[in-house]
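Before any comments, here is the structure.
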Amino acid sequence: MAAAFPASAALAAVAVVALLLCSCNVARAQTPVFACDASNATLASYGFCNRSASASARAADLVSRLTLAEKVGFLVDKQAALPRLGIPLYEWWSEALHGVSYVGPGTRFSSLVPAATSFPQPILTAASFNATLFRAIGEVVSNEARAMHNVGLAGLTFWSPNINIFRDPRWGRGQETPGEDPLLTSKYAVGYVTGLQDAGSGSGSLKVAACCKHYTAYDVDNWKGVERYTFNAVVSQQDLDDTFQPPFKSCVVDGNVASVMCSYNQVNGKPTCADKDLLSGVIRGDWKLNGYISSDCDSVDVLYNNQHYTKTPEDAAAISIKAGLDLNCGNFLAQHTVAAVQAGKLSESDVDRAITNNFITLMRLGFFDGDPRKLPFGNLGPSDVCTSSNQELAREAARQGIVLLKNSGALPLSASSIKSLAVIGPNANASFTMIGNYEGTPCKYTTPLQGLGANVATVYQPGCTNVGCSGNSLQLDAATKAAASADVTVLVVGADQSIERESLDRTSLLLPGQQPQLVSAVANASRGPCILVIMSGGPFDISFAKSSDKIAAILWVGYPGEAGGAAIADVLFGHHNPSGRLPVTWYPESFTKVPMIDMRMRPDASTGYPGRTYRFYTGDTVYAFGDGLSYTSFAHHLVSAPKQVALQLAEGHTCLTEQCPSVEAEGAHCEGLAFDVHLRVRNAGDMSGAHTVFLFSSPPAVHNAPAKHLLGFEKVSLEPGQAGVVAFKVDVCKDLSVVDELGNRKVALGNHTLHVGDLKHTLSLGV
């Protein structure tokens, strides 16, 4: 499809919108087009239409004008029109996980806007470890979302991003997340949310409203018959506050997100959407959410009908709203809330509180300010979607995320020395597979075959007719023949949504079906170097390929978005030096003996339980979190870091006279307590490239602390021989603290080891 829309199309779009949004008196009386439409003089006297008043005052005025029966209509995602107050219908549910999506009834594509830019799935974008990129993608997505809203094709509330921790490699939705690390996930959440929401005015206005989901400890969809709808995640307070909650806290506190979505599962026996401590207590109380809390779709119905948590539907409505739920994706609250109030299970003021939070969000979005084309961002339209610069950013995001896992010297390829390139595998000509799930119609596709073919002559054989690669679909003879006659072979294998997706977790970490046989046979038959490309969300045990001298290089490319094939070719041919790093641990197949539903993060040596993620896992790995190679080499040198830091405790503090393993990570002794770590990074090779500098810390062995955890990361680009200085500011009580067994943050006293690459530096924390 066209990368941009010509001026004639834009003019035609305006004409079509004028017809779609006809504001004649008859139409307005039946179904309003805009809330607080300036052309309707009757509405001018309503306080909720007074743009000079505060959002809270306007919301209060609107609530005061509603009957209870009308109020409950504003508790659900499909908000019906209210003609007597000039309020149009509104659909809250839109999605923008990695681009404007057609998933969710609030957004659709048409001849007016037939497509939107489709970026890589978040798991690959996260592999870039580039916080600037996270925000840049959010800004482009919100531009396209607003452009579509202005022509009646999209809403303003987008239920993205997914910031659950990718705790288990088998999870089907891990592809939607930024990975297994709480800090990386937090940085991604803040960057992407800020890019989506920031209206640039500083007034509390929103460009679009983002939503961080799924709160909380949600990472089991459907594993061996255990489904998310009835799963009870048994989580210690330590693991909850140390692993699962930090991204949500960052999203609310640092990202100022407009919404948090509670999940289907229970946590320690309580449905998250009915847990007052988790919703009113933590999200709104401790973290001070400025926005609304939504349920996952039909979660309230699920807690009643699937989990049988309450005896009556009225009880389910009451417990959810009183817990702090504001919006129900689904119709349950519209059906049962009036009866709950009439039965005395819920007060009308509880309903008022919920819809007030929803209305304030819409006020901040300009929904009650009339024609969106006359408001900030009203100049955005069809010509601002799928622009050449937006599509180039999608390609750049894929390039930055692609991870080079093995290279025996075959890469980068030289196009001038290759007369024939065999492109083989079930994902070698993938298009739709590249955009993962929660997708929209992309501007265009560049498949791996097309991307490679733009550089050299290619011969294509799928090897298998699909990624399942069953015996009937295996086409070994044609594949090996192609490899035997080519100068270089590129094998593109992996997964798609038939292997891993929402409502489908994996039971194996091996490549699907007979893909391993395909890989081995092709590699053995290849006349020249054989390069293996893994396209997937989750990790695989590819130990056989890692150790094979027949496989010269291995890359993981995630689900790389609409421009994935071009980005893969850019990396393989050296037009881009790879700099992606793995955002998850790649485990061996033996890990599948660990029940996916065991939520414990920390290992248990007495039972052989190995723990989870690089922070706690004690077993063998195929590849480790943070692994990734470059076509050049980088050297690190520690310029400065303190060897000792003292916490100035208040007079009379117990730890001044007693031996304490740790002290509380709050109070006067924490204020302003920080230090800098300065590093010199030098490109020691002969090719320019970007490099991610990780700062890890290994704390003293107290409170079952992580073996190591990420304190920060920075991306630096250097020419051959060039050196640059990277600085990290370490907040002692925030960054060096650990969570104790009761869920309290503590600063461990003793020696902390800071890691940067092969460098180690010991820092002593005392009192």
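Lettering and numbering for the structure tokens are positional, with chains as A, B, ... in the shown order, residues counted from 1 in each chain, and ligands counted from 1 in the shown order.
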
### Message
Which residues are close to Gly324 in chain A, i.e. within 8 Å by only C-alpha atoms, leaving aside same-chain residues fewer than 4 positions away? Reply as an NGL selection string.
### Response
:A and (274 or 276 or 279-280 or 293 or 320 or 354)

Saved selection, atoms kept: N, CA and C atoms, as a PDB file, in the first residue's frame:
ATOM      1  N   ALA A 274     -11.129  -7.577  41.804  1.00  0.00           N
ATOM      2  CA  ALA A 274     -11.977  -7.443  42.988  1.00  0.00           C
ATOM      3  C   ALA A 274     -11.134  -7.306  44.251  1.00  0.00           C
ATOM      4  N   LYS A 276      -9.389  -5.012  46.651  1.00  0.00           N
ATOM      5  CA  LYS A 276      -9.334  -3.608  47.063  1.00  0.00           C
ATOM      6  C   LYS A 276      -7.918  -3.177  47.421  1.00  0.00           C
ATOM      7  N   LEU A 279      -6.103  -2.602  44.038  1.00  0.00           N
ATOM      8  CA  LEU A 279      -6.619  -1.506  43.213  1.00  0.00           C
ATOM      9  C   LEU A 279      -6.643  -0.191  43.990  1.00  0.00           C
ATOM     10  N   SER A 280      -7.576  -0.046  44.915  1.00  0.00           N
ATOM     11  CA  SER A 280      -7.673   1.213  45.671  1.00  0.00           C
ATOM     12  C   SER A 280      -6.454   1.433  46.555  1.00  0.00           C
ATOM     13  N   ILE A 293      -9.205   2.756  36.209  1.00  0.00           N
ATOM     14  CA  ILE A 293      -8.828   1.352  36.265  1.00  0.00           C
ATOM     15  C   ILE A 293      -9.862   0.562  35.473  1.00  0.00           C
ATOM     16  N   SER A 320     -16.361  -5.506  42.789  1.00  0.00           N
ATOM     17  CA  SER A 320     -15.412  -4.952  41.824  1.00  0.00           C
ATOM     18  C   SER A 320     -15.371  -3.429  41.898  1.00  0.00           C
ATOM     19  N   ALA A 354     -16.507   5.958  40.296  1.00  0.00           N
ATOM     20  CA  ALA A 354     -15.960   5.239  39.147  1.00  0.00           C
ATOM     21  C   ALA A 354     -16.140   6.028  37.855  1.00  0.00           C
TER      22      ALA A 354
END

Close residues, range 341-349 of chain A itself excluded, 9 Å, only C-alpha atoms, min 4 positions apart in chain, as a PDB file with N, CA and C atoms, in the first residue's frame:
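Contents of selection-v6.pdb, as written:
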ATOM      1  N   LEU A  68     -29.298   7.140  37.804  1.00  0.00           N
ATOM      2  CA  LEU A  68     -28.532   5.921  38.064  1.00  0.00           C
ATOM      3  C   LEU A  68     -28.515   5.018  36.834  1.00  0.00           C
ATOM      4  N   GLU A 314     -24.843  -9.551  41.342  1.00  0.00           N
ATOM      5  CA  GLU A 314     -24.857  -8.244  42.012  1.00  0.00           C
ATOM      6  C   GLU A 314     -23.680  -8.119  42.977  1.00  0.00           C
ATOM      7  N   ASP A 315     -23.342  -9.235  43.645  1.00  0.00           N
ATOM      8  CA  ASP A 315     -22.173  -9.223  44.530  1.00  0.00           C
ATOM      9  C   ASP A 315     -20.896  -8.987  43.729  1.00  0.00           C
ATOM     10  N   ALA A 317     -20.616  -7.356  40.871  1.00  0.00           N
ATOM     11  CA  ALA A 317     -20.584  -5.945  40.475  1.00  0.00           C
ATOM     12  C   ALA A 317     -20.159  -5.071  41.647  1.00  0.00           C
ATOM     13  N   ALA A 318     -20.732  -5.345  42.810  1.00  0.00           N
ATOM     14  CA  ALA A 318     -20.449  -4.518  43.983  1.00  0.00           C
ATOM     15  C   ALA A 318     -19.003  -4.640  44.436  1.00  0.00           C
ATOM     16  N   ILE A 319     -18.496  -5.869  44.520  1.00  0.00           N
ATOM     17  CA  ILE A 319     -17.139  -6.049  45.043  1.00  0.00           C
ATOM     18  C   ILE A 319     -16.102  -5.448  44.105  1.00  0.00           C
ATOM     19  N   ILE A 321     -16.540  -2.810  41.900  1.00  0.00           N
ATOM     20  CA  ILE A 321     -16.583  -1.338  41.947  1.00  0.00           C
ATOM     21  C   ILE A 321     -16.036  -0.833  43.269  1.00  0.00           C
ATOM     22  N   LYS A 322     -16.400  -1.476  44.352  1.00  0.00           N
ATOM     23  CA  LYS A 322     -15.895  -1.028  45.660  1.00  0.00           C
ATOM     24  C   LYS A 322     -14.397  -1.277  45.805  1.00  0.00           C
ATOM     25  N   HIS A 336     -25.836  -5.419  35.886  1.00  0.00           N
ATOM     26  CA  HIS A 336     -26.062  -5.822  37.273  1.00  0.00           C
ATOM     27  C   HIS A 336     -25.821  -4.738  38.320  1.00  0.00           C
ATOM     28  N   THR A 337     -25.333  -3.566  37.935  1.00  0.00           N
ATOM     29  CA  THR A 337     -24.992  -2.551  38.943  1.00  0.00           C
ATOM     30  C   THR A 337     -26.226  -1.897  39.548  1.00  0.00           C
ATOM     31  N   ARG A 353     -18.057   7.695  41.859  1.00  0.00           N
ATOM     32  CA  ARG A 353     -16.586   7.767  41.896  1.00  0.00           C
ATOM     33  C   ARG A 353     -15.987   7.118  40.654  1.00  0.00           C
ATOM     34  N   ALA A 354     -16.507   5.958  40.296  1.00  0.00           N
ATOM     35  CA  ALA A 354     -15.960   5.239  39.147  1.00  0.00           C
ATOM     36  C   ALA A 354     -16.140   6.028  37.855  1.00  0.00           C
TER      37      ALA A 354
END

### Query
If you measure from CA of Asn437 in chain A to CA of Thr125 in chain A, what distance in Å do you get, rounded to one decimal?
14.5 Å

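For the residues A:Asn744, A:Gln450, A:Asn268, A:Thr621, ranking by smallest atom-to-atom distance to Ser431 in chain A using only C-alpha atoms places A:Gln450 first.
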
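Using only C-alpha atoms, the contacts of Val302 in chain A at a cut-off of 10 Å, with sequence neighbours closer than 3 positions omitted, comprise Tyr229, Thr230, Tyr264, Asn265, Pro271, Asp296, Cys297, Asp298, Ser299, Asn305, Asn306, Gln307, His308, Tyr309, Ala316 and Phe332 of chain A.
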
### Message
Based on the backbone DSSP call, show me all residues of range 75-211 of chain A assigned alpha helix (DSSP H), as a PyMOL selection string.
### Response
chain A and resi 122-126+131-150+182-197

### Message
List the spatial neighbours of Ala35 in chain A as a VMD selection string - criterion: any atom at most 8 Å away, only C-alpha atoms, same-chain residues fewer than 2 positions off excluded.
### Response
chain A and resid 32 to 33 37 86 to 88 367 to 370

What residues in range 345-483 of chain A get the DSSP label strand (DSSP E or B)? Please answer as a short mmCIF file (atom, residue, chain, number, x, y, z; two decimals) with N, CA and C atoms, in the first residue's frame.
data_model
loop_
_atom_site.label_atom_id
_atom_site.label_comp_id
_atom_site.auth_asym_id
_atom_site.auth_seq_id
_atom_site.Cartn_x
_atom_site.Cartn_y
_atom_site.Cartn_z
N VAL A 403 19.20 -9.58 17.27
CA VAL A 403 20.31 -10.04 18.11
C VAL A 403 21.15 -11.08 17.35
N LEU A 404 22.42 -10.79 17.24
CA LEU A 404 23.38 -11.74 16.66
C LEU A 404 23.89 -12.62 17.79
N LEU A 405 23.60 -13.93 17.71
CA LEU A 405 23.93 -14.85 18.80
C LEU A 405 25.19 -15.67 18.53
N LYS A 406 25.50 -15.83 17.26
CA LYS A 406 26.69 -16.62 16.89
C LYS A 406 27.21 -16.10 15.57
N ASN A 407 28.52 -16.02 15.46
CA ASN A 407 29.13 -15.60 14.20
C ASN A 407 30.56 -16.13 14.13
N LEU A 421 22.06 -17.03 -3.52
CA LEU A 421 21.74 -17.13 -2.10
C LEU A 421 20.49 -17.99 -1.96
N ALA A 422 20.61 -19.12 -1.24
CA ALA A 422 19.45 -19.96 -0.97
C ALA A 422 18.74 -19.42 0.26
N VAL A 423 17.46 -19.15 0.11
CA VAL A 423 16.65 -18.66 1.23
C VAL A 423 15.62 -19.74 1.52
N ILE A 424 15.75 -20.35 2.68
CA ILE A 424 15.01 -21.58 2.99
C ILE A 424 14.33 -21.45 4.35
N PRO A 442 -0.69 -3.43 8.03
CA PRO A 442 0.56 -2.66 7.86
C PRO A 442 0.56 -1.84 6.58
N THR A 458 18.41 -14.73 -5.50
CA THR A 458 18.01 -15.72 -4.50
C THR A 458 17.31 -16.92 -5.15
N VAL A 459 17.38 -18.03 -4.43
CA VAL A 459 16.59 -19.23 -4.73
C VAL A 459 15.83 -19.56 -3.47
N TYR A 460 14.51 -19.76 -3.58
CA TYR A 460 13.67 -19.93 -2.39
C TYR A 460 13.08 -21.33 -2.33
N GLN A 461 13.17 -21.92 -1.14
CA GLN A 461 12.48 -23.17 -0.85
C GLN A 461 11.95 -23.08 0.59
N CYS A 464 9.43 -26.45 4.75
CA CYS A 464 8.18 -26.94 5.35
C CYS A 464 7.08 -25.99 4.88
N LEU A 474 7.13 -31.54 5.46
CA LEU A 474 8.58 -31.43 5.30
C LEU A 474 8.97 -31.67 3.84
#

How close does each residue of range 348-459 of chain A get to range 207-213 of chain A, giving the shortest atom pair and distance in Å to one decimal for every residue with an atom at most 10 Å away, counting only C-alpha atoms, sorted by chain and residue number, as a tab-separated table?
residue	atom	partner	partner_atom	distance
A:Thr361	CA	A:Ala209	CA	7.7
A:Leu362	CA	A:Ala209	CA	8.8
A:Arg364	CA	A:Lys207	CA	8.6
A:Leu365	CA	A:Lys207	CA	6.3
A:Gly366	CA	A:Lys207	CA	8.8
A:Pro376	CA	A:Lys207	CA	8.5
A:Phe377	CA	A:Lys207	CA	7.8

#### Entry: Surrounding residues of range 147-161 of chain A excluding itself and chain neighbours under 2 positions, 6 Å, only C-alpha atoms, as a PyMOL selection string
chain A and resi 17+92+94-97+106-108+144-145+208-212+372-373+380-381

### Message
So that I can check the surroundings of Val767 in chain A, please list as an MDAnalysis selection string every protein, DNA and RNA residue that reaches within 9 Å of it, counting only C-alpha atoms and ignoring chain neighbours fewer than 2 positions away.
### Response
chainID A and resid 645:649 655:656 749 765

Please dump the current selection as an mmCIF file, in the first residue's frame; keep N, CA, C and O atoms.
data_model
loop_
_atom_site.group_PDB
_atom_site.id
_atom_site.type_symbol
_atom_site.label_atom_id
_atom_site.label_comp_id
_atom_site.auth_asym_id
_atom_site.auth_seq_id
_atom_site.Cartn_x
_atom_site.Cartn_y
_atom_site.Cartn_z
ATOM 1 N N VAL A 645 30.589 3.751 50.547
ATOM 2 C CA VAL A 645 29.492 4.706 50.731
ATOM 3 C C VAL A 645 28.908 4.456 52.111
ATOM 4 O O VAL A 645 28.646 3.305 52.489
ATOM 5 N N ALA A 646 28.699 5.518 52.867
ATOM 6 C CA ALA A 646 28.167 5.393 54.221
ATOM 7 C C ALA A 646 26.779 6.004 54.302
ATOM 8 O O ALA A 646 26.529 7.091 53.765
ATOM 9 N N LEU A 647 25.876 5.292 54.930
ATOM 10 C CA LEU A 647 24.533 5.818 55.191
ATOM 11 C C LEU A 647 24.543 6.506 56.551
ATOM 12 O O LEU A 647 24.964 5.915 57.559
ATOM 13 N N GLN A 648 24.097 7.737 56.581
ATOM 14 C CA GLN A 648 24.097 8.512 57.816
ATOM 15 C C GLN A 648 22.776 8.268 58.559
ATOM 16 O O GLN A 648 21.774 8.932 58.312
ATOM 17 N N LEU A 649 22.790 7.301 59.454
ATOM 18 C CA LEU A 649 21.577 6.947 60.178
ATOM 19 C C LEU A 649 21.316 7.937 61.298
ATOM 20 O O LEU A 649 22.236 8.553 61.854
ATOM 21 N N CYS A 655 20.765 0.061 64.162
ATOM 22 C CA CYS A 655 21.887 -0.488 63.394
ATOM 23 C C CYS A 655 23.205 0.233 63.662
ATOM 24 O O CYS A 655 24.244 -0.157 63.108
ATOM 25 N N LEU A 656 23.171 1.276 64.480
ATOM 26 C CA LEU A 656 24.419 1.930 64.876
ATOM 27 C C LEU A 656 25.126 1.150 65.971
ATOM 28 O O LEU A 656 26.342 1.276 66.163
ATOM 29 N N LEU A 749 23.630 -4.083 53.655
ATOM 30 C CA LEU A 749 24.930 -3.577 54.093
ATOM 31 C C LEU A 749 26.011 -4.612 53.760
ATOM 32 O O LEU A 749 25.777 -5.812 53.828
ATOM 33 N N LEU A 765 29.026 -0.824 51.318
ATOM 34 C CA LEU A 765 27.986 0.030 51.897
ATOM 35 C C LEU A 765 27.959 -0.196 53.400
ATOM 36 O O LEU A 765 27.801 -1.332 53.867
#

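Checking A:Arg135, A:Lys643, A:Lys224, A:Arg167 one by one against Gly766 in chain A, counting only C-alpha atoms, you find the shortest gap at A:Lys643.
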
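Nearest residue to Val725 in chain A among A:Lys550, A:His669, A:Arg680, A:His214 is A:Arg680, counting only C-alpha atoms.
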